[in-house]
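Data block for run.tsv (TSV, N, CA and C atoms):
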chain	number	residue	atom	x	y	z
A	1	MET	N	-35.50	44.01	-27.81
A	1	MET	CA	-34.16	44.44	-28.12
A	1	MET	C	-33.90	45.83	-27.59
A	2	ILE	N	-34.59	46.81	-28.02
A	2	ILE	CA	-34.30	48.17	-27.63
A	2	ILE	C	-35.50	48.71	-26.85
A	3	GLY	N	-35.95	47.94	-25.90
A	3	GLY	CA	-37.16	48.26	-25.17
A	3	GLY	C	-37.13	49.58	-24.45
A	4	SER	N	-35.97	50.01	-23.94
A	4	SER	CA	-35.90	51.25	-23.18
A	4	SER	C	-35.95	52.48	-24.07
A	5	MET	N	-35.95	52.31	-25.37
A	5	MET	CA	-35.93	53.44	-26.29
A	5	MET	C	-37.31	53.77	-26.86
A	6	MET	N	-38.37	53.26	-26.24
A	6	MET	CA	-39.71	53.43	-26.79
A	6	MET	C	-40.06	54.89	-27.06
A	7	GLY	N	-39.76	55.79	-26.15
A	7	GLY	CA	-40.10	57.18	-26.33
A	7	GLY	C	-39.39	57.82	-27.50
A	8	PHE	N	-38.19	57.35	-27.79
A	8	PHE	CA	-37.44	57.91	-28.91
A	8	PHE	C	-38.10	57.59	-30.24
A	9	ILE	N	-38.81	56.47	-30.34
A	9	ILE	CA	-39.40	56.07	-31.60
A	9	ILE	C	-40.37	57.14	-32.10
A	10	SER	N	-41.27	57.57	-31.23
A	10	SER	CA	-42.24	58.58	-31.65
A	10	SER	C	-41.55	59.88	-32.00
A	11	LEU	N	-40.57	60.28	-31.21
A	11	LEU	CA	-39.81	61.49	-31.49
A	11	LEU	C	-39.13	61.39	-32.84
A	12	LEU	N	-38.48	60.27	-33.11
A	12	LEU	CA	-37.77	60.12	-34.37
A	12	LEU	C	-38.71	60.07	-35.56
A	13	THR	N	-39.87	59.50	-35.36
A	13	THR	CA	-40.83	59.48	-36.45
A	13	THR	C	-41.25	60.90	-36.80
A	14	LEU	N	-41.44	61.73	-35.79
A	14	LEU	CA	-41.77	63.13	-36.05
A	14	LEU	C	-40.62	63.83	-36.75
A	15	MET	N	-39.39	63.51	-36.33
A	15	MET	CA	-38.21	64.11	-36.96
A	15	MET	C	-38.12	63.70	-38.43
A	16	ALA	N	-38.61	62.52	-38.74
A	16	ALA	CA	-38.56	62.03	-40.11
A	16	ALA	C	-39.61	62.69	-41.00
A	17	GLY	N	-40.47	63.50	-40.40
A	17	GLY	CA	-41.44	64.22	-41.20
A	17	GLY	C	-42.85	63.66	-41.13
A	18	ALA	N	-43.07	62.70	-40.28
A	18	ALA	CA	-44.40	62.11	-40.14
A	18	ALA	C	-45.17	62.90	-39.09
A	19	ILE	N	-45.61	64.09	-39.45
A	19	ILE	CA	-46.29	64.95	-38.50
A	19	ILE	C	-47.78	64.74	-38.63
A	20	GLY	N	-48.43	64.71	-37.50
A	20	GLY	CA	-49.87	64.52	-37.48
A	20	GLY	C	-50.22	63.50	-36.43
A	21	ASP	N	-51.48	63.15	-36.36
A	21	ASP	CA	-51.86	62.16	-35.37
A	21	ASP	C	-51.53	60.76	-35.86
A	22	GLY	N	-51.53	59.83	-34.96
A	22	GLY	CA	-51.20	58.45	-35.29
A	22	GLY	C	-52.15	57.83	-36.31
A	23	HIS	N	-53.39	58.35	-36.37
A	23	HIS	CA	-54.36	57.78	-37.30
A	23	HIS	C	-53.95	57.98	-38.75
A	24	SER	N	-53.24	59.06	-39.02
A	24	SER	CA	-52.83	59.31	-40.41
A	24	SER	C	-51.73	58.34	-40.84
A	25	LEU	N	-51.14	57.63	-39.90
A	25	LEU	CA	-50.08	56.68	-40.21
A	25	LEU	C	-50.58	55.23	-40.23
A	26	GLU	N	-51.85	55.06	-39.96
A	26	GLU	CA	-52.42	53.71	-39.98
A	26	GLU	C	-52.41	53.16	-41.40
A	27	ILE	N	-52.20	51.87	-41.50
A	27	ILE	CA	-52.22	51.18	-42.78
A	27	ILE	C	-53.38	50.20	-42.76
A	28	PRO	N	-54.22	50.23	-43.78
A	28	PRO	CA	-55.31	49.24	-43.83
A	28	PRO	C	-54.74	47.82	-43.78
A	29	GLU	N	-55.41	46.96	-43.03
A	29	GLU	CA	-54.93	45.59	-42.82
A	29	GLU	C	-54.55	44.89	-44.13
A	30	GLY	N	-55.33	45.07	-45.16
A	30	GLY	CA	-55.06	44.41	-46.42
A	30	GLY	C	-53.79	44.88	-47.13
A	31	ASP	N	-53.31	46.08	-46.77
A	31	ASP	CA	-52.12	46.62	-47.40
A	31	ASP	C	-50.82	46.24	-46.69
A	32	ILE	N	-50.93	45.78	-45.47
A	32	ILE	CA	-49.74	45.49	-44.68
A	32	ILE	C	-48.87	44.41	-45.33
A	33	GLU	N	-49.46	43.31	-45.75
A	33	GLU	CA	-48.68	42.22	-46.34
A	33	GLU	C	-48.00	42.67	-47.64
A	34	VAL	N	-48.68	43.47	-48.43
A	34	VAL	CA	-48.10	43.98	-49.67
A	34	VAL	C	-46.89	44.86	-49.35
A	35	LEU	N	-47.03	45.72	-48.35
A	35	LEU	CA	-45.92	46.59	-47.96
A	35	LEU	C	-44.76	45.78	-47.39
A	36	LYS	N	-45.07	44.76	-46.61
A	36	LYS	CA	-44.00	43.92	-46.05
A	36	LYS	C	-43.19	43.26	-47.15
A	37	LEU	N	-43.87	42.71	-48.14
A	37	LEU	CA	-43.16	42.07	-49.25
A	37	LEU	C	-42.31	43.08	-50.01
A	38	ALA	N	-42.85	44.26	-50.23
A	38	ALA	CA	-42.10	45.30	-50.94
A	38	ALA	C	-40.88	45.73	-50.12
A	39	ALA	N	-41.06	45.89	-48.82
A	39	ALA	CA	-39.95	46.30	-47.95
A	39	ALA	C	-38.87	45.23	-47.91
A	40	LEU	N	-39.28	43.99	-47.77
A	40	LEU	CA	-38.31	42.90	-47.74
A	40	LEU	C	-37.60	42.75	-49.08
A	41	GLY	N	-38.24	43.20	-50.13
A	41	GLY	CA	-37.65	43.17	-51.47
A	41	GLY	C	-36.75	44.36	-51.75
A	42	GLY	N	-36.62	45.26	-50.80
A	42	GLY	CA	-35.68	46.37	-50.96
A	42	GLY	C	-36.28	47.75	-51.09
A	43	GLU	N	-37.59	47.87	-51.02
A	43	GLU	CA	-38.23	49.18	-51.18
A	43	GLU	C	-38.24	49.93	-49.85
A	44	SER	N	-37.41	50.95	-49.76
A	44	SER	CA	-37.26	51.67	-48.49
A	44	SER	C	-38.53	52.43	-48.10
A	45	SER	N	-39.28	52.95	-49.07
A	45	SER	CA	-40.49	53.70	-48.72
A	45	SER	C	-41.53	52.79	-48.06
A	46	ALA	N	-41.60	51.54	-48.48
A	46	ALA	CA	-42.53	50.59	-47.86
A	46	ALA	C	-42.09	50.28	-46.43
A	47	ALA	N	-40.80	50.09	-46.22
A	47	ALA	CA	-40.28	49.82	-44.88
A	47	ALA	C	-40.51	51.01	-43.96
A	48	LYS	N	-40.31	52.23	-44.49
A	48	LYS	CA	-40.52	53.43	-43.67
A	48	LYS	C	-41.99	53.56	-43.29
A	49	ARG	N	-42.86	53.26	-44.21
A	49	ARG	CA	-44.30	53.33	-43.92
A	49	ARG	C	-44.68	52.34	-42.82
A	50	LEU	N	-44.11	51.13	-42.87
A	50	LEU	CA	-44.37	50.13	-41.82
A	50	LEU	C	-43.79	50.58	-40.49
A	51	TYR	N	-42.58	51.14	-40.51
A	51	TYR	CA	-41.95	51.67	-39.29
A	51	TYR	C	-42.86	52.71	-38.65
A	52	GLU	N	-43.34	53.66	-39.43
A	52	GLU	CA	-44.19	54.72	-38.88
A	52	GLU	C	-45.51	54.15	-38.38
A	53	HIS	N	-46.07	53.21	-39.12
A	53	HIS	CA	-47.34	52.60	-38.71
A	53	HIS	C	-47.19	51.89	-37.36
A	54	TYR	N	-46.17	51.03	-37.26
A	54	TYR	CA	-46.03	50.25	-36.03
A	54	TYR	C	-45.54	51.10	-34.86
A	55	SER	N	-44.74	52.11	-35.11
A	55	SER	CA	-44.19	52.91	-34.02
A	55	SER	C	-45.17	53.93	-33.47
A	56	VAL	N	-46.02	54.48	-34.32
A	56	VAL	CA	-46.90	55.56	-33.89
A	56	VAL	C	-48.37	55.12	-33.89
A	57	ALA	N	-48.86	54.65	-35.01
A	57	ALA	CA	-50.28	54.35	-35.13
A	57	ALA	C	-50.71	53.16	-34.27
A	58	SER	N	-49.93	52.10	-34.27
A	58	SER	CA	-50.35	50.92	-33.51
A	58	SER	C	-49.51	50.69	-32.26
A	59	VAL	N	-48.52	51.53	-32.02
A	59	VAL	CA	-47.67	51.51	-30.82
A	59	VAL	C	-47.13	50.11	-30.52
A	60	GLN	N	-46.49	49.53	-31.52
A	60	GLN	CA	-45.82	48.24	-31.37
A	60	GLN	C	-44.33	48.49	-31.65
A	61	TYR	N	-43.61	48.92	-30.63
A	61	TYR	CA	-42.25	49.42	-30.80
A	61	TYR	C	-41.27	48.37	-31.34
A	62	GLU	N	-41.39	47.16	-30.87
A	62	GLU	CA	-40.47	46.12	-31.35
A	62	GLU	C	-40.64	45.92	-32.86
A	63	GLU	N	-41.89	45.85	-33.29
A	63	GLU	CA	-42.17	45.68	-34.71
A	63	GLU	C	-41.74	46.92	-35.49
A	64	GLY	N	-41.94	48.09	-34.90
A	64	GLY	CA	-41.50	49.32	-35.54
A	64	GLY	C	-39.99	49.35	-35.74
A	65	ASN	N	-39.26	48.92	-34.71
A	65	ASN	CA	-37.79	48.87	-34.82
A	65	ASN	C	-37.33	47.90	-35.90
A	66	LYS	N	-38.06	46.80	-36.03
A	66	LYS	CA	-37.72	45.83	-37.08
A	66	LYS	C	-37.77	46.48	-38.46
A	67	TRP	N	-38.83	47.24	-38.71
A	67	TRP	CA	-39.00	47.88	-40.02
A	67	TRP	C	-38.09	49.10	-40.17
A	68	LEU	N	-37.75	49.74	-39.07
A	68	LEU	CA	-36.78	50.83	-39.12
A	68	LEU	C	-35.42	50.29	-39.57
A	69	ARG	N	-35.02	49.14	-38.99
A	69	ARG	CA	-33.74	48.51	-39.39
A	69	ARG	C	-33.77	48.15	-40.87
A	70	ILE	N	-34.86	47.56	-41.31
A	70	ILE	CA	-34.97	47.17	-42.72
A	70	ILE	C	-34.94	48.41	-43.61
A	71	CYS	N	-35.59	49.46	-43.19
A	71	CYS	CA	-35.57	50.71	-43.95
A	71	CYS	C	-34.14	51.24	-44.08
A	72	ALA	N	-33.39	51.19	-42.98
A	72	ALA	CA	-31.98	51.61	-43.02
A	72	ALA	C	-31.18	50.70	-43.94
A	73	GLU	N	-31.40	49.41	-43.83
A	73	GLU	CA	-30.70	48.46	-44.70
A	73	GLU	C	-31.03	48.71	-46.18
A	74	ASN	N	-32.25	49.20	-46.43
A	74	ASN	CA	-32.68	49.47	-47.80
A	74	ASN	C	-32.16	50.81	-48.32
A	75	GLY	N	-31.37	51.52	-47.48
A	75	GLY	CA	-30.69	52.72	-47.95
A	75	GLY	C	-31.37	54.05	-47.71
A	76	ASP	N	-32.42	54.09	-46.90
A	76	ASP	CA	-33.07	55.36	-46.60
A	76	ASP	C	-32.23	56.12	-45.57
A	77	VAL	N	-31.77	57.31	-45.93
A	77	VAL	CA	-30.84	58.06	-45.08
A	77	VAL	C	-31.49	58.50	-43.76
A	78	VAL	N	-32.77	58.84	-43.77
A	78	VAL	CA	-33.44	59.22	-42.53
A	78	VAL	C	-33.52	58.02	-41.59
A	79	CYS	N	-33.82	56.86	-42.14
A	79	CYS	CA	-33.89	55.65	-41.31
A	79	CYS	C	-32.50	55.24	-40.82
A	80	GLU	N	-31.49	55.44	-41.62
A	80	GLU	CA	-30.12	55.17	-41.16
A	80	GLU	C	-29.82	56.01	-39.94
A	81	TYR	N	-30.16	57.29	-40.01
A	81	TYR	CA	-29.93	58.19	-38.87
A	81	TYR	C	-30.77	57.77	-37.67
A	82	ASN	N	-32.07	57.59	-37.88
A	82	ASN	CA	-32.96	57.25	-36.76
A	82	ASN	C	-32.53	55.95	-36.08
A	83	TYR	N	-32.21	54.95	-36.88
A	83	TYR	CA	-31.81	53.66	-36.30
A	83	TYR	C	-30.49	53.81	-35.55
A	84	GLY	N	-29.55	54.52	-36.14
A	84	GLY	CA	-28.27	54.75	-35.46
A	84	GLY	C	-28.46	55.50	-34.16
A	85	PHE	N	-29.29	56.53	-34.18
A	85	PHE	CA	-29.56	57.31	-32.98
A	85	PHE	C	-30.12	56.44	-31.87
A	86	ILE	N	-31.12	55.64	-32.20
A	86	ILE	CA	-31.73	54.76	-31.20
A	86	ILE	C	-30.69	53.79	-30.62
A	87	LEU	N	-29.91	53.19	-31.49
A	87	LEU	CA	-28.92	52.21	-31.01
A	87	LEU	C	-27.87	52.86	-30.11
A	88	THR	N	-27.49	54.10	-30.38
A	88	THR	CA	-26.48	54.74	-29.53
A	88	THR	C	-27.00	55.03	-28.14
A	89	LYS	N	-28.30	55.00	-27.95
A	89	LYS	CA	-28.91	55.22	-26.64
A	89	LYS	C	-29.09	53.92	-25.85
A	90	SER	N	-28.71	52.81	-26.43
A	90	SER	CA	-28.89	51.51	-25.80
A	90	SER	C	-27.95	51.33	-24.61
A	91	ALA	N	-28.36	50.51	-23.68
A	91	ALA	CA	-27.50	50.16	-22.55
A	91	ALA	C	-26.42	49.16	-22.95
A	92	GLU	N	-26.60	48.51	-24.08
A	92	GLU	CA	-25.66	47.48	-24.52
A	92	GLU	C	-24.59	48.08	-25.43
A	93	SER	N	-23.33	47.84	-25.07
A	93	SER	CA	-22.23	48.46	-25.81
A	93	SER	C	-22.18	48.02	-27.27
A	94	GLU	N	-22.51	46.77	-27.57
A	94	GLU	CA	-22.49	46.32	-28.96
A	94	GLU	C	-23.51	47.08	-29.80
A	95	GLU	N	-24.66	47.36	-29.23
A	95	GLU	CA	-25.68	48.12	-29.95
A	95	GLU	C	-25.22	49.56	-30.17
A	96	ARG	N	-24.52	50.14	-29.18
A	96	ARG	CA	-24.01	51.50	-29.35
A	96	ARG	C	-22.97	51.56	-30.46
A	97	VAL	N	-22.12	50.55	-30.56
A	97	VAL	CA	-21.14	50.49	-31.64
A	97	VAL	C	-21.85	50.39	-32.98
A	98	ARG	N	-22.86	49.55	-33.06
A	98	ARG	CA	-23.62	49.40	-34.31
A	98	ARG	C	-24.35	50.71	-34.65
A	99	GLY	N	-24.79	51.41	-33.62
A	99	GLY	CA	-25.44	52.70	-33.84
A	99	GLY	C	-24.51	53.68	-34.52
A	100	LYS	N	-23.25	53.69	-34.10
A	100	LYS	CA	-22.28	54.59	-34.75
A	100	LYS	C	-22.07	54.19	-36.21
A	101	TYR	N	-22.13	52.90	-36.48
A	101	TYR	CA	-22.03	52.45	-37.88
A	101	TYR	C	-23.15	53.10	-38.71
A	102	TRP	N	-24.39	53.01	-38.22
A	102	TRP	CA	-25.52	53.55	-38.97
A	102	TRP	C	-25.45	55.06	-39.07
A	103	LEU	N	-24.97	55.73	-38.03
A	103	LEU	CA	-24.80	57.18	-38.11
A	103	LEU	C	-23.75	57.54	-39.15
A	104	ASN	N	-22.68	56.76	-39.21
A	104	ASN	CA	-21.66	57.00	-40.24
A	104	ASN	C	-22.21	56.78	-41.64
A	105	GLU	N	-23.07	55.78	-41.81
A	105	GLU	CA	-23.71	55.55	-43.10
A	105	GLU	C	-24.57	56.76	-43.49
A	106	ALA	N	-25.34	57.24	-42.53
A	106	ALA	CA	-26.20	58.40	-42.80
A	106	ALA	C	-25.35	59.63	-43.14
A	107	ALA	N	-24.27	59.82	-42.40
A	107	ALA	CA	-23.38	60.95	-42.67
A	107	ALA	C	-22.77	60.83	-44.06
A	108	LYS	N	-22.36	59.63	-44.41
A	108	LYS	CA	-21.79	59.37	-45.73
A	108	LYS	C	-22.79	59.68	-46.84
A	109	HIS	N	-24.07	59.52	-46.54
A	109	HIS	CA	-25.12	59.77	-47.53
A	109	HIS	C	-25.67	61.19	-47.44
A	110	GLY	N	-24.96	62.06	-46.72
A	110	GLY	CA	-25.32	63.47	-46.70
A	110	GLY	C	-26.22	63.96	-45.58
A	111	ASN	N	-26.45	63.16	-44.56
A	111	ASN	CA	-27.32	63.57	-43.46
A	111	ASN	C	-26.51	64.42	-42.48
A	112	ASN	N	-26.78	65.72	-42.45
A	112	ASN	CA	-26.03	66.64	-41.58
A	112	ASN	C	-26.29	66.40	-40.11
A	113	ARG	N	-27.50	65.97	-39.76
A	113	ARG	CA	-27.77	65.64	-38.35
A	113	ARG	C	-26.85	64.53	-37.86
A	114	ALA	N	-26.61	63.56	-38.72
A	114	ALA	CA	-25.73	62.45	-38.35
A	114	ALA	C	-24.31	62.95	-38.12
A	115	VAL	N	-23.84	63.85	-38.99
A	115	VAL	CA	-22.50	64.42	-38.83
A	115	VAL	C	-22.40	65.14	-37.49
A	116	GLU	N	-23.40	65.96	-37.17
A	116	GLU	CA	-23.40	66.71	-35.91
A	116	GLU	C	-23.46	65.77	-34.71
A	117	TYR	N	-24.32	64.77	-34.77
A	117	TYR	CA	-24.47	63.86	-33.65
A	117	TYR	C	-23.20	63.03	-33.44
A	118	LEU	N	-22.54	62.62	-34.51
A	118	LEU	CA	-21.28	61.90	-34.38
A	118	LEU	C	-20.23	62.78	-33.70
A	119	ARG	N	-20.21	64.06	-34.03
A	119	ARG	CA	-19.29	64.99	-33.35
A	119	ARG	C	-19.60	65.08	-31.87
A	120	GLU	N	-20.90	65.16	-31.54
A	120	GLU	CA	-21.31	65.20	-30.14
A	120	GLU	C	-20.86	63.94	-29.41
A	121	LEU	N	-21.07	62.81	-30.03
A	121	LEU	CA	-20.65	61.55	-29.41
A	121	LEU	C	-19.15	61.52	-29.19
A	122	ASP	N	-18.40	61.95	-30.19
A	122	ASP	CA	-16.95	61.97	-30.10
A	122	ASP	C	-16.49	62.91	-28.99
A	123	THR	N	-17.09	64.09	-28.92
A	123	THR	CA	-16.74	65.06	-27.87
A	123	THR	C	-17.06	64.49	-26.50
A	124	GLY	N	-18.19	63.84	-26.37
A	124	GLY	CA	-18.58	63.22	-25.10
A	124	GLY	C	-17.63	62.13	-24.68
A	125	HIS	N	-17.16	61.32	-25.62
A	125	HIS	CA	-16.22	60.24	-25.30
A	125	HIS	C	-14.88	60.82	-24.87
A	126	LYS	N	-14.44	61.88	-25.52
A	126	LYS	CA	-13.17	62.50	-25.15
A	126	LYS	C	-13.24	63.09	-23.76
A	127	LYS	N	-14.38	63.73	-23.42
A	127	LYS	CA	-14.55	64.30	-22.08
A	127	LYS	C	-14.57	63.19	-21.04
A	128	GLY	N	-15.23	62.08	-21.36
A	128	GLY	CA	-15.30	60.95	-20.44
A	128	GLY	C	-13.93	60.35	-20.18
A	129	ARG	N	-13.10	60.23	-21.23
A	129	ARG	CA	-11.75	59.71	-21.06
A	129	ARG	C	-10.90	60.65	-20.23
A	130	ALA	N	-11.06	61.94	-20.43
A	130	ALA	CA	-10.27	62.93	-19.68
A	130	ALA	C	-10.62	62.86	-18.21
A	131	LYS	N	-11.90	62.70	-17.87
A	131	LYS	CA	-12.32	62.61	-16.48
A	131	LYS	C	-11.76	61.34	-15.83
A	132	ARG	N	-11.76	60.24	-16.57
A	132	ARG	CA	-11.25	58.98	-16.02
A	132	ARG	C	-9.73	59.04	-15.82
A	133	ALA	N	-9.04	59.83	-16.64
A	133	ALA	CA	-7.59	59.92	-16.55
A	133	ALA	C	-7.13	60.70	-15.32
A	134	LYS	N	-8.01	61.55	-14.76
A	134	LYS	CA	-7.64	62.38	-13.60
A	134	LYS	C	-7.56	61.59	-12.34
What would you get if you wrote out this structure as structure tokens?
Amino acid sequence: MIGSMMGFISLLTLMAGAIGDGHSLEIPEGDIEVLKLAALGGESSAAKRLYEHYSVASVQYEEGNKWLRICAENGDVVCEYNYGFILTKSAESEERVRGKYWLNEAAKHGNNRAVEYLRELDTGHKKGRAKRAK
């Protein structure tokens, strides 16, 4: 889905506060299924842990994005921002629109980075329209 955004995953994980080497984000094999069930049941911290594990420790970006989306759906404001940010960088216009939705959710929940980034996106779109109008 968002294959071209692989580099952003690691960056966003660091932005989310997961600082350190990838080994500190590893999850013991026996704990993964328990975390998956908790995440699917609505626990955002479990989904975030899976996102960080798959995105950094085991470098499985597709799987990491899956858990990032679930974390955002579960109401974690950092994941809402991260997922929105990634989607706005997509080559597909539908994903960029959905990205703005998640950024708006994060902004609504008090994420100042989301507010700033939405302003940047808006300013960029206005500049692009002005250039096309000339």
* Can you work out which one of A:Val59, A:Ala46, A:Leu68, A:Val97 has the shortest atom-to-atom distance to Tyr83 of chain A, counting all atoms listed in the file? => A:Leu68
* **Long-range neighbours of segment 103-108 of chain A as a list in words, 5 Å cut-off, only N, CA and C atoms, 3 positions minimum in chain** =>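 Returned residues: Tyr81, Gly84, Gly99, Lys100, Asn111 and Val115 of chain A.
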* Which value, in Å to one decimal, gives the distance between atom CA of Val77 of chain A and atom N of Tyr51 of chain A? ->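 Distance between the two atoms: 14.4 Å.
Atom CA of Cys71 of chain A is positioned 4.9 Å from atom CA of Ala47 of chain A.
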* Asked: So, counting only N, CA and C atoms, which residue among A:Tyr101, A:Glu26, A:Glu120, A:Lys89 is closest to Arg49 of chain A?
  -> A:Glu26
Write out as a short mmCIF file (atom, residue, chain, number, x, y, z; two decimals) with N, CA and C atoms, in the coordinates of the input which residues come within 10 Å of Gly42 of chain A when counting only C-alpha atoms, dropping same-chain ones fewer than 2 positions away.
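File written: part_35.cif
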data_model
loop_
_atom_site.label_atom_id
_atom_site.label_comp_id
_atom_site.auth_asym_id
_atom_site.auth_seq_id
_atom_site.Cartn_x
_atom_site.Cartn_y
_atom_site.Cartn_z
N LYS A 36 -45.07 44.76 -46.61
CA LYS A 36 -44.00 43.92 -46.05
C LYS A 36 -43.19 43.26 -47.15
N LEU A 37 -43.87 42.71 -48.14
CA LEU A 37 -43.16 42.07 -49.25
C LEU A 37 -42.31 43.08 -50.01
N ALA A 38 -42.85 44.26 -50.23
CA ALA A 38 -42.10 45.30 -50.94
C ALA A 38 -40.88 45.73 -50.12
N ALA A 39 -41.06 45.89 -48.82
CA ALA A 39 -39.95 46.30 -47.95
C ALA A 39 -38.87 45.23 -47.91
N LEU A 40 -39.28 43.99 -47.77
CA LEU A 40 -38.31 42.90 -47.74
C LEU A 40 -37.60 42.75 -49.08
N SER A 44 -37.41 50.95 -49.76
CA SER A 44 -37.26 51.67 -48.49
C SER A 44 -38.53 52.43 -48.10
N SER A 45 -39.28 52.95 -49.07
CA SER A 45 -40.49 53.70 -48.72
C SER A 45 -41.53 52.79 -48.06
N ALA A 46 -41.60 51.54 -48.48
CA ALA A 46 -42.53 50.59 -47.86
C ALA A 46 -42.09 50.28 -46.43
N ALA A 47 -40.80 50.09 -46.22
CA ALA A 47 -40.28 49.82 -44.88
C ALA A 47 -40.51 51.01 -43.96
N ILE A 70 -34.86 47.56 -41.31
CA ILE A 70 -34.97 47.17 -42.72
C ILE A 70 -34.94 48.41 -43.61
N CYS A 71 -35.59 49.46 -43.19
CA CYS A 71 -35.57 50.71 -43.95
C CYS A 71 -34.14 51.24 -44.08
N GLU A 73 -31.40 49.41 -43.83
CA GLU A 73 -30.70 48.46 -44.70
C GLU A 73 -31.03 48.71 -46.18
N ASN A 74 -32.25 49.20 -46.43
CA ASN A 74 -32.68 49.47 -47.80
C ASN A 74 -32.16 50.81 -48.32
N GLY A 75 -31.37 51.52 -47.48
CA GLY A 75 -30.69 52.72 -47.95
C GLY A 75 -31.37 54.05 -47.71
#
* Can you list, as number ranges by chain, all residues belonging to segment 53-109 of chain A that DSSP tags as helix (DSSP H, G or I)? => A: 53-57, 61-73, 77-88, 93-108
Draw an axis-aligned box over all listed atoms of segment 58-70 of chain A, pad each side with 3 Å, and write its centre and edge lengths in Å, one decimal, as JSON.
{"center_x": -42.0, "center_y": 48.9, "center_z": -37.1, "size_x": 22.6, "size_y": 12.4, "size_z": 19.1}
* Asked: Could you state the separation of atom N of Trp102 of chain A and atom N of Leu35 of chain A in Å, given to one decimal place?
  ->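 If I compute the distance from atom N of Trp102 of chain A to atom N of Leu35 of chain A, I get 25.9 Å.
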